[in-house]
Amino acid sequence: MRDYLKRKGRLLIIVCLAVIVGTFTMAAYAGMHYMKAGDNKGKYGVGTENVLIKGDIQKKNGKYYVGKKGGEILIKLHNTYVNKLSYEYSSEYFSKAYLRIRKQNIYGAYKDSKMEDEYMKDMPRSVVNVGAKTSEVEIKFEKSKNQIVIDNFEIDNSLKLNPLLGIFSMAVTFIFLFIVFFKKENKRHPAITFFVCSFVAGMCLMLLEPVYVTGFDEQIHYLNAHWIGCTKPKESSTQVEDYYYGYPWEINTTTIGADESIEERMDFFRVMNAKTNYTGVMTDEYEFKLSSVGYLNQALLLKIGNAAHLPFYIQWIMGKMANLLLYSIVLSFAIAILPIGKRLMMVIGMMPEMIFQGTAYTYDIWVVAFLVLGISILIREHVNKNEKFEHKWRILMIISFVLGCLPKAVYAPLILSSLLLGKEKFYSKKDEYIFKGGIVLAFLALMSSFILPALSPSNDMSDARGSNTDSGQQMKYILGQPFAYAIVWLRNVLKTLQDYVMGGAAFTSFGYLGGGSLSTCCAALVVGTTLTDTYGNGKNEGKILDIKTKCIFAFEIIIAVGLIWTALYISFTEAGVTEILGTQARYYYPFIFMFYLCFQTDKIKNTIELGKYQMMVMLASNFIIFQQIWELLLVKRCL
């Protein structure tokens with residue numbers, strides 16, 4: 001009881017310290033810019049005499065009309081301190097402008113700083129973070145079909161508290177203190193450690209992400225989850241769904257590379273909330289199918305939010321949180337049952353892109369979570385060769401593989417290694433035959449959901465994102481010229497192998513938000529943990545997979561990779577093209593842990609005490625994820 005109270009007290013202290021640090025950081029940052037303004041505190045407009053125009057820009061009634069040929073607006077600010085420069089705009093469509101800000105640097109010299117600004121359909125204003133004494137700001141518009149009207153230039157030097165900076169600071173403080181001051185408890189319960197770290201990092205990332213689609217094809221997945229959870233067949237959507245589904249390419253090409261501010265984020269919240277009050281053009285035409293299972297958790301929380309008439313932003317977060325909860329809970333359970341490689345699983349699970357996928361609308365995270373759980377049970381049985389394969393674990397393994405493969409049956413081969421479990425794992429010959437027969441039937445049933453549509457002339461496998469795809473014609477190429485296709489497949493796999501298993505695509509891609517800069521650090525951490533995570537549970541200490549099991553896993557991975565690329569060749573690639581399109585590193589996530597586990601060796605002995613080792617690798621993992629959040633989200637999109 002005394003230990004429980006001590007732990008509870010430490011946790012309370014950590015939470016209080018995190019809140020204090022977050023609040024202080026938020027207030028200090030706002031106060032720093034407020035004090036720098038000196039006598040120019042508050043908000044005040046920029047006189048029209050300080051605004052010069054050039055090119056296809058006309059001034060009418062105090063407003064600036066930007067023509068299709070583009071032009072430049074030059075704002076003279078006379079070495080005035082500017083925290084934020086804001087101006088209203090109306091934009092018929094999506095486009096960008098290029099800003100040149102001549103501001104004072106740390107040496108006191110005035111130098112040009114360049115950035116991109118974005119103009120979004122239906123948004124009301126642009127707010128540019130400057131944060132320095134500024135002599136002039138030039139806004140350059142290139143040729144565009146977009147019609148833009150600009151008005152009301154204003155300098156904002158008022159006290160600006162940024163809650164997102166506070167959230168980030170609180171999350172970082174809490175996680176690092178939790179890892180250090182709960183070292184002993186974390187050593188005993190690594191699964192709980194992973195849950196806390198992944199959920200806190202994921203929530204921080206989710207709250208700092210823009211509200212528009214950021215994950216690949218997220219607009220499709222969001223709409224599917226929304227239709228399942230919130231609308232009836234033939235029921236109209238709202239204008240929010242029209243906006244997301246109608247302009248995903250425009251939104252992301254406009255915003256990627258552009259700097260944003262907290263004010264623009266809040267404007268987007270308000271505009272999307274308002275759009276929920278108006279009926280959209282699209283109607284619910286969604287047909288429930290096998291892949292729809294992967295949307296059920298997201299659809300459920302969207303339905304709850306919709307039924308409670310919560311604001312759109314809260315509903316949006318709830319749908320994403322369904323994936324994050326699933327990811328954190330299921331992977332934590334997988335870590336708990338693993339006999340070896342727990343720290344390796346924790347490190348891989350904390351990779352930036354894995355956490356990012358857990359905060360996106362997608363059924364991929366459903367696939368990853370349940371397949372990793374099924375694989376963990378398989379690893380457990382392969383390592384504990386002389387223990388009986390209990391029925392409860394068999395049932396859980398089969399359910400996990402079935403749930404994981406329903407959205408994407410290409411991973412069905414991963415279950416086949418259970419056929420090679422020895423007779424000592426079963427209670428009798430009959431028991432062994434029944435189990436392995438059930439595995440074969442499950443495998444064949446799952447594979448039929450992939451193969452039969454491909455053989456059908458109706459092109460049911462054609463990917464909705466592709467253009468001019470013909471699955472029937474692609475199957476003719478594959479079956480008619482198998483050796484030629486094998487060469488095409490091998491070239492494409494080898495060309496992407498390094499990037500997909502230890503490169504930026506595998507570890508630090510944040511979808512449409514861009515890629516982080518620490519991919520080399522991620523690879524080093526994963527490889528280093530693979531070679532040094534020699535800890536096991538009790539009798540399994542120092543154990544690794546035997547060579548037979550490694551070969552079986554390697555064969556399964558090759559078959560799964562073959563099916564992944566073939567599925568994208570059939571559904572996404574135009575007939576006759578030798579470059580297979582549509583594949584991404586995230587398709588390797590279900591078996592990436594299995595892949596690295598095969599490289600563990602008993603030739604390296606780790607003598608670091610387990611608690612210290614786990615603390616070090618988790619501190620490194622969390623440093624990477626929070627640094628990437630800082631780099632890609634906080635600096636460019638929240639401050």
# chains A, B, ... in the order shown; residues from 1 in each chain; ligands from 1
$ residues_around --residues "Cys204 in chain A" --least-positions-apart "3" --cutoff "9 Å" --atoms "only C-alpha atoms" --output "list in words"
Leu164, Ile167, Phe168, Ala171, Phe199, Val200, Ala201, Leu207, Leu208, Glu209, Phe626 and Ile629 of chain A
$ residues_around --residues "Trp565 in chain A" --least-positions-apart "2" --cutoff "9 Å" --atoms "only C-alpha atoms" --output "PDB file with C-alpha atoms, in the first residue's frame"
ATOM      1  CA  TRP A 489       8.810  -7.258 -59.412  1.00  0.00           C
ATOM      2  CA  ASN A 492      10.995  -2.606 -57.996  1.00  0.00           C
ATOM      3  CA  VAL A 493      11.468  -4.365 -54.651  1.00  0.00           C
ATOM      4  CA  ALA A 560       3.848 -11.134 -48.408  1.00  0.00           C
ATOM      5  CA  VAL A 561       6.083  -8.597 -50.182  1.00  0.00           C
ATOM      6  CA  GLY A 562       5.364 -10.364 -53.458  1.00  0.00           C
ATOM      7  CA  LEU A 563       1.616 -10.114 -52.902  1.00  0.00           C
ATOM      8  CA  ALA A 567      -1.753  -6.169 -55.659  1.00  0.00           C
ATOM      9  CA  LEU A 568      -0.571  -2.638 -56.457  1.00  0.00           C
ATOM     10  CA  TYR A 569       0.571  -3.738 -59.928  1.00  0.00           C
ATOM     11  CA  ILE A 570      -2.906  -5.093 -60.625  1.00  0.00           C
ATOM     12  CA  ILE A 580       4.902  -0.604 -60.045  1.00  0.00           C
ATOM     13  CA  LEU A 581       3.071   2.405 -58.633  1.00  0.00           C
ATOM     14  CA  GLY A 582       1.296   3.038 -55.341  1.00  0.00           C
ATOM     15  CA  THR A 583       3.501   1.068 -52.942  1.00  0.00           C
TER      16      THR A 583
END
$ closest_atom_pairs --of "range 480-502 of chain A" --to "range 514-537 of chain A" --cutoff "12 Å" --atoms "only C-alpha atoms" --output "tab-separated table"
residue	atom	partner	partner_atom	distance
A:Gln498	CA	A:Ala523	CA	10.3
A:Asp499	CA	A:Ser519	CA	9.6
A:Tyr500	CA	A:Ala523	CA	11.0
A:Val501	CA	A:Ala523	CA	8.7
A:Met502	CA	A:Ala523	CA	5.2
$ write_last_selection --atoms "C-alpha atoms" --output "JSON list (two decimals), in the first residue's frame"
[["chain", "number", "residue", "atom", "x", "y", "z"],
["A", 498, "GLN", "CA", 16.63, 0.21, -48.17],
["A", 499, "ASP", "CA", 14.21, 3.14, -47.95],
["A", 500, "TYR", "CA", 11.28, 0.90, -47.01],
["A", 501, "VAL", "CA", 13.00, -0.97, -44.19],
["A", 502, "MET", "CA", 15.42, 1.58, -42.68]]
$ residues_around --residues "Arg125 in chain A" --least-positions-apart "4" --cutoff "7 Å" --atoms "only C-alpha atoms" --output "list in words"
Tyr87, Glu88 and Tyr89 of chain A
$ residues_around --residues "His226 in chain A" --least-positions-apart "3" --cutoff "12 Å" --atoms "only C-alpha atoms" --output "compact mmCIF listing (two decimals) with all heavy atoms, in the first residue's frame"
# COMPACT_ATOMS: atom_id res chain seq x y z
N GLU A 218 -6.16 10.02 -46.90
CA GLU A 218 -6.96 10.13 -45.68
C GLU A 218 -8.38 10.59 -45.96
O GLU A 218 -9.31 10.23 -45.24
CB GLU A 218 -6.27 11.09 -44.70
CG GLU A 218 -6.86 11.03 -43.30
CD GLU A 218 -6.08 11.85 -42.29
OE1 GLU A 218 -5.21 12.64 -42.71
OE2 GLU A 218 -6.33 11.71 -41.09
N GLN A 219 -8.56 11.39 -47.01
CA GLN A 219 -9.91 11.86 -47.33
C GLN A 219 -10.82 10.68 -47.67
O GLN A 219 -12.02 10.71 -47.33
CB GLN A 219 -9.87 12.87 -48.49
CG GLN A 219 -9.62 12.31 -49.87
CD GLN A 219 -8.16 11.99 -50.12
OE1 GLN A 219 -7.31 12.21 -49.27
NE2 GLN A 219 -7.86 11.49 -51.30
N ILE A 220 -10.29 9.65 -48.32
CA ILE A 220 -11.09 8.47 -48.66
C ILE A 220 -11.46 7.71 -47.39
O ILE A 220 -12.62 7.33 -47.19
CB ILE A 220 -10.31 7.55 -49.63
CG1 ILE A 220 -10.02 8.28 -50.95
CG2 ILE A 220 -11.08 6.26 -49.90
CD1 ILE A 220 -9.12 7.52 -51.89
N HIS A 221 -10.47 7.50 -46.54
CA HIS A 221 -10.71 6.73 -45.31
C HIS A 221 -11.65 7.49 -44.36
O HIS A 221 -12.50 6.87 -43.72
CB HIS A 221 -9.39 6.42 -44.62
CG HIS A 221 -8.47 5.58 -45.45
ND1 HIS A 221 -8.79 4.32 -45.87
CD2 HIS A 221 -7.22 5.82 -45.94
CE1 HIS A 221 -7.80 3.81 -46.57
NE2 HIS A 221 -6.83 4.70 -46.64
N TYR A 222 -11.48 8.80 -44.26
CA TYR A 222 -12.37 9.57 -43.40
C TYR A 222 -13.80 9.48 -43.89
O TYR A 222 -14.73 9.27 -43.10
CB TYR A 222 -11.94 11.05 -43.34
CG TYR A 222 -13.02 11.94 -42.79
CD1 TYR A 222 -13.41 11.86 -41.46
CD2 TYR A 222 -13.69 12.86 -43.61
CE1 TYR A 222 -14.42 12.66 -40.95
CE2 TYR A 222 -14.69 13.66 -43.11
CZ TYR A 222 -15.06 13.56 -41.79
OH TYR A 222 -16.07 14.35 -41.30
N LEU A 223 -13.99 9.64 -45.18
CA LEU A 223 -15.34 9.61 -45.74
C LEU A 223 -15.98 8.24 -45.52
O LEU A 223 -17.17 8.16 -45.15
CB LEU A 223 -15.30 9.96 -47.23
CG LEU A 223 -16.66 10.25 -47.88
CD1 LEU A 223 -17.29 11.49 -47.26
CD2 LEU A 223 -16.50 10.44 -49.38
N GLY A 229 -20.46 5.35 -39.89
CA GLY A 229 -20.86 5.71 -38.54
C GLY A 229 -21.94 6.76 -38.42
O GLY A 229 -22.72 6.74 -37.46
N CYS A 230 -22.01 7.69 -39.39
CA CYS A 230 -22.83 8.89 -39.17
C CYS A 230 -24.00 9.07 -40.11
O CYS A 230 -24.88 9.90 -39.83
CB CYS A 230 -21.94 10.14 -39.25
SG CYS A 230 -20.59 10.15 -38.05
N THR A 231 -24.05 8.38 -41.22
CA THR A 231 -25.13 8.61 -42.18
C THR A 231 -25.81 7.30 -42.56
O THR A 231 -25.25 6.21 -42.41
CB THR A 231 -24.61 9.28 -43.46
OG1 THR A 231 -23.61 8.45 -44.06
CG2 THR A 231 -24.00 10.64 -43.17
N LYS A 232 -27.01 7.44 -43.09
CA LYS A 232 -27.76 6.29 -43.59
C LYS A 232 -27.61 6.24 -45.11
O LYS A 232 -27.25 7.24 -45.73
CB LYS A 232 -29.24 6.44 -43.21
CG LYS A 232 -29.48 6.50 -41.71
CD LYS A 232 -30.95 6.75 -41.41
CE LYS A 232 -31.18 6.84 -39.90
NZ LYS A 232 -32.60 7.14 -39.59
N PRO A 233 -27.89 5.09 -45.72
CA PRO A 233 -27.79 5.00 -47.18
C PRO A 233 -28.63 6.09 -47.87
O PRO A 233 -29.76 6.37 -47.47
CB PRO A 233 -28.34 3.60 -47.48
CG PRO A 233 -28.05 2.82 -46.24
CD PRO A 233 -28.21 3.79 -45.11
N GLU A 235 -28.32 9.16 -47.65
CA GLU A 235 -28.39 10.40 -46.88
C GLU A 235 -27.27 11.34 -47.34
O GLU A 235 -26.16 10.92 -47.62
CB GLU A 235 -28.25 10.12 -45.39
CG GLU A 235 -28.39 11.36 -44.51
CD GLU A 235 -28.25 11.05 -43.03
OE1 GLU A 235 -28.29 9.85 -42.67
OE2 GLU A 235 -28.07 12.00 -42.25
N SER A 236 -27.58 12.62 -47.39
CA SER A 236 -26.59 13.60 -47.84
C SER A 236 -25.55 13.84 -46.76
O SER A 236 -25.83 13.77 -45.56
CB SER A 236 -27.28 14.93 -48.18
OG SER A 236 -28.15 14.77 -49.28
N SER A 237 -24.34 14.13 -47.21
CA SER A 237 -23.27 14.51 -46.30
C SER A 237 -23.39 16.00 -46.00
O SER A 237 -24.31 16.68 -46.47
CB SER A 237 -21.91 14.20 -46.93
OG SER A 237 -21.77 14.94 -48.12
N THR A 238 -22.44 16.52 -45.24
CA THR A 238 -22.39 17.97 -45.01
C THR A 238 -21.33 18.57 -45.94
O THR A 238 -20.59 17.85 -46.63
CB THR A 238 -22.02 18.30 -43.55
OG1 THR A 238 -20.66 17.93 -43.32
CG2 THR A 238 -22.92 17.53 -42.58
N VAL A 240 -18.63 19.79 -45.11
CA VAL A 240 -17.29 19.41 -44.66
C VAL A 240 -16.77 18.24 -45.47
O VAL A 240 -15.64 18.25 -45.97
CB VAL A 240 -17.30 19.05 -43.16
CG1 VAL A 240 -15.95 18.47 -42.74
CG2 VAL A 240 -17.61 20.26 -42.32
N GLU A 241 -17.60 17.21 -45.63
CA GLU A 241 -17.18 16.04 -46.40
C GLU A 241 -16.94 16.42 -47.86
O GLU A 241 -16.00 15.92 -48.49
CB GLU A 241 -18.23 14.93 -46.30
CG GLU A 241 -18.26 14.20 -44.97
CD GLU A 241 -18.78 15.04 -43.83
OE1 GLU A 241 -19.85 15.68 -44.00
OE2 GLU A 241 -18.12 15.10 -42.77
N TYR A 244 -13.43 18.16 -47.93
CA TYR A 244 -12.29 17.24 -47.78
C TYR A 244 -12.14 16.33 -48.99
O TYR A 244 -11.02 16.09 -49.45
CB TYR A 244 -12.45 16.40 -46.52
CG TYR A 244 -12.07 17.12 -45.25
CD1 TYR A 244 -12.85 17.03 -44.11
CD2 TYR A 244 -10.91 17.87 -45.18
CE1 TYR A 244 -12.49 17.67 -42.93
CE2 TYR A 244 -10.54 18.53 -44.02
CZ TYR A 244 -11.34 18.42 -42.90
OH TYR A 244 -10.98 19.07 -41.75
N TYR A 245 -13.24 15.78 -49.45
CA TYR A 245 -13.16 14.81 -50.53
C TYR A 245 -12.96 15.49 -51.88
O TYR A 245 -12.35 14.93 -52.79
CB TYR A 245 -14.42 13.94 -50.58
CG TYR A 245 -14.26 12.70 -51.43
CD1 TYR A 245 -13.56 11.61 -50.95
CD2 TYR A 245 -14.79 12.63 -52.71
CE1 TYR A 245 -13.39 10.46 -51.71
CE2 TYR A 245 -14.63 11.49 -53.50
CZ TYR A 245 -13.93 10.40 -52.98
OH TYR A 245 -13.76 9.28 -53.75
N THR A 283 -23.82 11.99 -51.42
CA THR A 283 -24.73 11.17 -50.64
C THR A 283 -24.05 9.86 -50.29
O THR A 283 -23.09 9.44 -50.95
CB THR A 283 -26.04 10.88 -51.40
OG1 THR A 283 -25.70 10.24 -52.65
CG2 THR A 283 -26.81 12.16 -51.67
N ASP A 284 -24.53 9.21 -49.25
CA ASP A 284 -23.93 7.97 -48.75
C ASP A 284 -24.24 6.83 -49.72
O ASP A 284 -25.34 6.28 -49.72
CB ASP A 284 -24.48 7.67 -47.36
CG ASP A 284 -23.82 6.44 -46.74
OD1 ASP A 284 -23.06 5.77 -47.44
OD2 ASP A 284 -24.08 6.18 -45.55
N GLU A 285 -23.25 6.48 -50.54
CA GLU A 285 -23.37 5.36 -51.48
C GLU A 285 -22.48 4.20 -51.07
O GLU A 285 -22.22 3.30 -51.85
CB GLU A 285 -22.99 5.82 -52.90
CG GLU A 285 -23.77 7.02 -53.43
CD GLU A 285 -25.21 6.66 -53.77
OE1 GLU A 285 -25.50 5.46 -53.89
OE2 GLU A 285 -26.03 7.59 -53.90
N TYR A 286 -22.01 4.22 -49.83
CA TYR A 286 -21.00 3.26 -49.40
C TYR A 286 -21.60 1.87 -49.21
O TYR A 286 -22.66 1.71 -48.59
CB TYR A 286 -20.35 3.71 -48.10
CG TYR A 286 -19.15 2.88 -47.70
CD1 TYR A 286 -17.94 3.02 -48.36
CD2 TYR A 286 -19.24 1.96 -46.67
CE1 TYR A 286 -16.84 2.26 -48.01
CE2 TYR A 286 -18.15 1.20 -46.29
CZ TYR A 286 -16.95 1.36 -46.97
OH TYR A 286 -15.87 0.60 -46.61
N SER A 292 -14.04 -2.92 -44.89
CA SER A 292 -14.75 -1.96 -44.02
C SER A 292 -14.57 -2.28 -42.54
O SER A 292 -14.77 -1.41 -41.70
CB SER A 292 -16.24 -1.95 -44.37
OG SER A 292 -16.46 -1.65 -45.73
N TYR A 295 -12.58 0.06 -40.45
CA TYR A 295 -13.11 1.38 -40.12
C TYR A 295 -14.01 1.37 -38.89
O TYR A 295 -14.46 2.43 -38.45
CB TYR A 295 -13.94 1.92 -41.29
CG TYR A 295 -13.18 2.17 -42.56
CD1 TYR A 295 -13.57 1.57 -43.76
CD2 TYR A 295 -12.08 3.02 -42.59
CE1 TYR A 295 -12.89 1.81 -44.94
CE2 TYR A 295 -11.39 3.26 -43.77
CZ TYR A 295 -11.80 2.65 -44.94
OH TYR A 295 -11.12 2.89 -46.11
N LEU A 296 -14.30 0.20 -38.35
CA LEU A 296 -15.34 0.11 -37.32
C LEU A 296 -15.01 0.93 -36.08
O LEU A 296 -15.90 1.58 -35.51
CB LEU A 296 -15.56 -1.36 -36.93
CG LEU A 296 -16.20 -2.24 -38.01
CD1 LEU A 296 -16.33 -3.67 -37.53
CD2 LEU A 296 -17.56 -1.69 -38.42
N ASN A 297 -13.77 0.90 -35.63
CA ASN A 297 -13.41 1.67 -34.43
C ASN A 297 -13.53 3.17 -34.68
O ASN A 297 -14.03 3.92 -33.82
CB ASN A 297 -11.99 1.32 -33.99
CG ASN A 297 -10.95 1.58 -35.06
OD1 ASN A 297 -11.18 1.33 -36.24
ND2 ASN A 297 -9.78 2.07 -34.67
N GLN A 298 -13.11 3.64 -35.86
CA GLN A 298 -13.23 5.06 -36.18
C GLN A 298 -14.69 5.47 -36.34
O GLN A 298 -15.12 6.53 -35.87
CB GLN A 298 -12.46 5.36 -37.48
CG GLN A 298 -10.98 5.03 -37.38
CD GLN A 298 -10.34 4.83 -38.74
OE1 GLN A 298 -9.92 5.79 -39.37
NE2 GLN A 298 -10.25 3.58 -39.20
N ALA A 299 -15.45 4.61 -37.02
CA ALA A 299 -16.87 4.90 -37.23
C ALA A 299 -17.63 4.98 -35.92
O ALA A 299 -18.53 5.82 -35.76
CB ALA A 299 -17.50 3.83 -38.14
N LEU A 300 -17.26 4.13 -34.96
CA LEU A 300 -17.96 4.12 -33.66
C LEU A 300 -17.78 5.45 -32.94
O LEU A 300 -18.76 6.05 -32.47
CB LEU A 300 -17.43 2.97 -32.80
CG LEU A 300 -17.99 2.91 -31.37
CD1 LEU A 300 -19.50 2.72 -31.39
CD2 LEU A 300 -17.31 1.79 -30.58
N LEU A 301 -16.55 5.94 -32.84
CA LEU A 301 -16.35 7.20 -32.12
C LEU A 301 -16.88 8.40 -32.90
O LEU A 301 -17.35 9.37 -32.31
CB LEU A 301 -14.87 7.39 -31.80
CG LEU A 301 -14.31 6.49 -30.69
CD1 LEU A 301 -12.99 7.02 -30.18
CD2 LEU A 301 -15.28 6.31 -29.54
N LEU A 302 -16.83 8.33 -34.23
CA LEU A 302 -17.48 9.39 -35.02
C LEU A 302 -18.98 9.41 -34.77
O LEU A 302 -19.59 10.48 -34.66
CB LEU A 302 -17.20 9.18 -36.51
CG LEU A 302 -15.83 9.60 -37.03
CD1 LEU A 302 -15.66 9.19 -38.49
CD2 LEU A 302 -15.63 11.11 -36.88
N LYS A 303 -19.57 8.23 -34.67
CA LYS A 303 -21.00 8.14 -34.41
C LYS A 303 -21.36 8.72 -33.05
O LYS A 303 -22.35 9.45 -32.92
CB LYS A 303 -21.45 6.68 -34.50
CG LYS A 303 -22.97 6.47 -34.34
CD LYS A 303 -23.34 5.01 -34.50
CE LYS A 303 -24.84 4.82 -34.39
NZ LYS A 303 -25.57 5.48 -35.49
N ILE A 304 -20.54 8.41 -32.05
CA ILE A 304 -20.80 8.95 -30.70
C ILE A 304 -20.71 10.47 -30.72
O ILE A 304 -21.57 11.16 -30.16
CB ILE A 304 -19.79 8.35 -29.69
CG1 ILE A 304 -20.05 6.85 -29.51
CG2 ILE A 304 -19.88 9.09 -28.36
CD1 ILE A 304 -19.00 6.15 -28.67
N GLY A 305 -19.67 11.00 -31.35
CA GLY A 305 -19.52 12.45 -31.43
C GLY A 305 -20.65 13.10 -32.20
O GLY A 305 -21.15 14.17 -31.83
N ASN A 306 -21.08 12.46 -33.29
CA ASN A 306 -22.18 12.99 -34.10
C ASN A 306 -23.50 12.95 -33.34
O ASN A 306 -24.28 13.91 -33.38
CB ASN A 306 -22.27 12.20 -35.40
CG ASN A 306 -23.30 12.75 -36.36
OD1 ASN A 306 -24.42 12.26 -36.44
ND2 ASN A 306 -22.92 13.77 -37.10
N PHE A 312 -17.48 19.94 -34.95
CA PHE A 312 -16.80 19.10 -35.94
C PHE A 312 -15.38 18.74 -35.51
O PHE A 312 -14.95 17.59 -35.65
CB PHE A 312 -16.75 19.80 -37.29
CG PHE A 312 -15.78 19.15 -38.25
CD1 PHE A 312 -16.09 17.95 -38.85
CD2 PHE A 312 -14.53 19.72 -38.48
CE1 PHE A 312 -15.18 17.32 -39.69
CE2 PHE A 312 -13.62 19.10 -39.33
CZ PHE A 312 -13.95 17.90 -39.94
N GLN A 315 -15.33 15.91 -33.10
CA GLN A 315 -15.63 14.65 -33.79
C GLN A 315 -14.43 14.17 -34.59
O GLN A 315 -14.12 12.97 -34.61
CB GLN A 315 -16.83 14.85 -34.72
CG GLN A 315 -18.14 15.14 -34.01
CD GLN A 315 -19.30 15.24 -35.00
OE1 GLN A 315 -19.38 14.46 -35.95
NE2 GLN A 315 -20.19 16.20 -34.79
N TRP A 316 -13.78 15.09 -35.28
CA TRP A 316 -12.60 14.75 -36.08
C TRP A 316 -11.51 14.12 -35.22
O TRP A 316 -10.92 13.10 -35.58
CB TRP A 316 -12.10 16.03 -36.76
CG TRP A 316 -10.82 15.95 -37.52
CD1 TRP A 316 -9.58 16.29 -37.09
CD2 TRP A 316 -10.65 15.51 -38.88
NE1 TRP A 316 -8.64 16.10 -38.07
CE2 TRP A 316 -9.28 15.63 -39.19
CE3 TRP A 316 -11.52 15.04 -39.86
CZ2 TRP A 316 -8.75 15.28 -40.43
CZ3 TRP A 316 -11.01 14.70 -41.10
CH2 TRP A 316 -9.65 14.82 -41.38
N MET A 318 -11.96 12.68 -32.26
CA MET A 318 -12.44 11.41 -31.71
C MET A 318 -12.23 10.27 -32.69
O MET A 318 -11.81 9.17 -32.31
CB MET A 318 -13.92 11.53 -31.33
CG MET A 318 -14.19 12.38 -30.11
SD MET A 318 -15.96 12.58 -29.77
CE MET A 318 -16.43 10.89 -29.35
N GLY A 319 -12.53 10.50 -33.97
CA GLY A 319 -12.32 9.46 -34.97
C GLY A 319 -10.86 9.05 -35.06
O GLY A 319 -10.53 7.86 -35.18
N LYS A 320 -9.97 10.03 -35.01
CA LYS A 320 -8.54 9.72 -35.04
C LYS A 320 -8.09 9.02 -33.77
O LYS A 320 -7.25 8.10 -33.80
CB LYS A 320 -7.74 11.02 -35.21
CG LYS A 320 -7.85 11.64 -36.59
CD LYS A 320 -6.82 12.74 -36.75
CE LYS A 320 -6.68 13.14 -38.21
NZ LYS A 320 -5.43 13.86 -38.47
N TYR A 361 -6.74 8.95 -40.28
CA TYR A 361 -7.87 8.12 -40.71
C TYR A 361 -7.35 7.12 -41.73
O TYR A 361 -6.93 7.48 -42.83
CB TYR A 361 -8.98 8.98 -41.33
CG TYR A 361 -9.83 9.67 -40.31
CD1 TYR A 361 -9.60 11.00 -39.96
CD2 TYR A 361 -10.88 9.01 -39.68
CE1 TYR A 361 -10.38 11.64 -39.01
CE2 TYR A 361 -11.67 9.65 -38.72
CZ TYR A 361 -11.41 10.96 -38.40
OH TYR A 361 -12.18 11.58 -37.46
N THR A 362 -7.37 5.85 -41.37
CA THR A 362 -6.87 4.79 -42.24
C THR A 362 -7.25 3.45 -41.64
O THR A 362 -7.44 3.35 -40.42
CB THR A 362 -5.34 4.87 -42.39
OG1 THR A 362 -4.88 3.78 -43.19
CG2 THR A 362 -4.64 4.81 -41.04
$ closest_residue --among "A:Gly42, A:Gly480, A:Gly341, A:Pro413" --to "Ile558 in chain A" --atoms "only C-alpha atoms"
A:Pro413
$ closest_residue --among "A:Asn252, A:Gly280, A:Asn273, A:Asp546" --to "His382 in chain A" --atoms "only C-alpha atoms"
A:Asp546
$ closest_residue --among "A:Gly542, A:Ala28, A:Leu444, A:Met115" --to "Thr607 in chain A" --atoms "only C-alpha atoms"
A:Gly542
$ atom_distance --atom1 "CA of Ile317 in chain A" --atom2 "CA of Phe593 in chain A"
28.5 Å
$ closest_residue --among "A:Asn224, A:Thr25, A:Gln357, A:Ser261" --to "Gly294 in chain A" --atoms "only C-alpha atoms"
A:Asn224
$ decode --residues "range 288-294 of chain A" --atoms "N, CA, C and O atoms" --output "PDB file, in the first residue's frame"
ATOM      1  N   PHE A 288     -20.835  -1.791 -47.536  1.00  0.00           N
ATOM      2  CA  PHE A 288     -19.972  -2.448 -46.557  1.00  0.00           C
ATOM      3  C   PHE A 288     -19.347  -3.690 -47.180  1.00  0.00           C
ATOM      4  O   PHE A 288     -20.022  -4.497 -47.811  1.00  0.00           O
ATOM      5  N   LYS A 289     -18.011  -3.829 -47.012  1.00  0.00           N
ATOM      6  CA  LYS A 289     -17.291  -4.973 -47.560  1.00  0.00           C
ATOM      7  C   LYS A 289     -16.239  -5.419 -46.557  1.00  0.00           C
ATOM      8  O   LYS A 289     -16.174  -4.891 -45.432  1.00  0.00           O
ATOM      9  N   LEU A 290     -15.405  -6.381 -46.949  1.00  0.00           N
ATOM     10  CA  LEU A 290     -14.430  -6.933 -46.007  1.00  0.00           C
ATOM     11  C   LEU A 290     -13.497  -5.863 -45.449  1.00  0.00           C
ATOM     12  O   LEU A 290     -13.223  -5.823 -44.249  1.00  0.00           O
ATOM     13  N   SER A 291     -13.004  -4.991 -46.317  1.00  0.00           N
ATOM     14  CA  SER A 291     -12.067  -3.957 -45.862  1.00  0.00           C
ATOM     15  C   SER A 291     -12.718  -2.973 -44.898  1.00  0.00           C
ATOM     16  O   SER A 291     -12.020  -2.291 -44.146  1.00  0.00           O
ATOM     17  N   SER A 292     -14.044  -2.916 -44.894  1.00  0.00           N
ATOM     18  CA  SER A 292     -14.752  -1.964 -44.025  1.00  0.00           C
ATOM     19  C   SER A 292     -14.566  -2.281 -42.545  1.00  0.00           C
ATOM     20  O   SER A 292     -14.773  -1.412 -41.696  1.00  0.00           O
ATOM     21  N   VAL A 293     -14.191  -3.520 -42.240  1.00  0.00           N
ATOM     22  CA  VAL A 293     -13.964  -3.893 -40.842  1.00  0.00           C
ATOM     23  C   VAL A 293     -12.931  -2.970 -40.204  1.00  0.00           C
ATOM     24  O   VAL A 293     -13.034  -2.613 -39.028  1.00  0.00           O
ATOM     25  N   GLY A 294     -11.948  -2.554 -40.992  1.00  0.00           N
ATOM     26  CA  GLY A 294     -10.895  -1.688 -40.479  1.00  0.00           C
ATOM     27  C   GLY A 294     -11.348  -0.290 -40.126  1.00  0.00           C
ATOM     28  O   GLY A 294     -10.566   0.491 -39.552  1.00  0.00           O
TER      29      GLY A 294
END
